Amino acid sequence: MKTALLVIDMQNDFVEDGALIEVKGIRNRITQFKSFIDECRKRGITIIYTKHIFDTVHNPVEAKLFPSLAIEGLREGTKGVEVHNELLPEKSDIMIKKRRYDAFFGTDLEVILKAKGIKNIIITGTMTNVCCESTARSAMFRDFNVLFSSDLTFTSDPVIHENTLKTIKSHFGEVMNSEEILQSLQRP
């Protein structure tokens with residue numbers, strides 16, 4: 001199938017209760033998210049996880065914008081940087097480590113997708129308005145069809161979430177809930 005599912009930054013520092021940069025409400029959808037990943041895998045969709053890695057040397061502007069990250073958070077080799085244990089990748093899945101919000105920037109993501117003949121990218125994960133949106137825009141700029149999940153992208157502010165969905169829908173891709181995405185993949 002010419003589709004890839006991007007599971008963006010579903011890391012413990014965003015998902016776990018009380019984590020440094022916890023996205024409120026995200027755990028309410030973990031079971032649904034896991035089921036969606038499993039269904040995509042059954043359909044032969046390429047599954048690609050991303051992990052946002054932070055340090056003050058490689059992310060100097062981000063460090064200025066988020067001083068709370070100066071000491072901890074999203075650090076290589078910590079539990080916080082790992083994918084949440086209920087959503088762990090399988091051996092056949094691909095892991096992309098990134099240092100910017102956009103999963104294409106400074107990574108091999110585009111090369112991997114093109115080598116596999118991927119045309120469609122499903123965007124899921126966190127945060128809706130930051131890494132998910134940045135990656136969706138970048139995918140569209142590279143001529144990939146973007147399917148942006150309205151119910152499996154997350155941010156703590158529902159207004160920001162809805163505004164991002166409007167922006168994606170108006171200029172960068174299709175916005176659908178996870179069930180609609182699965183139904184759309186059945187179309188010829």
# chains A, B, ... in the order shown; residues from 1 in each chain; ligands from 1
>>> residues_around(residues="region 163-166 of chain A", least_positions_apart="3", cutoff="10 Å", atoms="only C-alpha atoms", output="JSON, numbers by chain")
{"A": [128, 129, 130, 132, 133, 148, 149, 150, 153, 158, 159, 160, 169, 170, 171, 172, 173, 174, 175, 176]}
>>> select_by_dssp(residues="region 66-179 of chain A", states="strand (DSSP E or B)", output="list in words")
Val83, Ile94, Met95, Ile96, Lys97, Lys98, Asn120, Ile121, Ile122, Ile123, Thr124, Gly125, Thr126, Asn145, Val146, Leu147, Phe148, Ser149, Ser150, Asp151, Leu152, Thr153, Phe154, Glu174, Val175 and Met176 of chain A
>>> write_last_selection(atoms="C-alpha atoms", output="CSV table (one decimal), in the first residue's frame")
chain,number,residue,atom,x,y,z
A,83,VAL,CA,7.6,5.8,23.2
A,94,ILE,CA,10.6,2.4,11.5
A,95,MET,CA,11.9,4.9,14.1
A,96,ILE,CA,13.0,8.4,13.2
A,97,LYS,CA,14.8,10.5,15.7
A,98,LYS,CA,14.4,14.2,15.1
A,120,ASN,CA,-0.2,9.2,1.4
A,121,ILE,CA,0.8,10.1,4.9
A,122,ILE,CA,-1.5,9.7,7.9
A,123,ILE,CA,-0.5,12.2,10.6
A,124,THR,CA,-1.2,11.2,14.3
A,125,GLY,CA,0.5,12.0,17.6
A,126,THR,CA,1.5,15.0,19.6
A,145,ASN,CA,-1.1,13.6,0.3
A,146,VAL,CA,-1.8,14.4,4.0
A,147,LEU,CA,-4.5,12.6,6.0
A,148,PHE,CA,-4.5,14.4,9.3
A,149,SER,CA,-6.3,12.6,12.2
A,150,SER,CA,-8.7,14.9,14.1
A,151,ASP,CA,-9.1,12.4,17.0
A,152,LEU,CA,-5.5,10.9,17.2
A,153,THR,CA,-3.6,14.2,17.3
A,154,PHE,CA,-3.3,15.9,20.7
A,174,GLU,CA,-7.6,16.3,4.5
A,175,VAL,CA,-8.8,16.2,8.1
A,176,MET,CA,-10.7,13.1,9.2
>>> closest_residue(among="A:Cys40, A:Ala103, A:Ala19, A:Met10", to="Asn85 (chain A)", atoms="only C-alpha atoms")
A:Met10
>>> residues_around(residues="Ser35 (chain A)", least_positions_apart="3", cutoff="12 Å", atoms="only C-alpha atoms", output="PyMOL selection string")
chain A and resi 29-32+38-42+86-87+152+178-179+182
>>> select_by_dssp(residues="region 20-175 of chain A", states="alpha helix (DSSP H)", output="VMD selection string")
chain A and resid 30 to 42 60 to 65 109 to 115 133 to 141 158 to 171
>>> closest_residue(among="A:Ser134, A:Ser92, A:Thr107, A:Asn59", to="Thr167 (chain A)", atoms="only C-alpha atoms")
A:Ser134
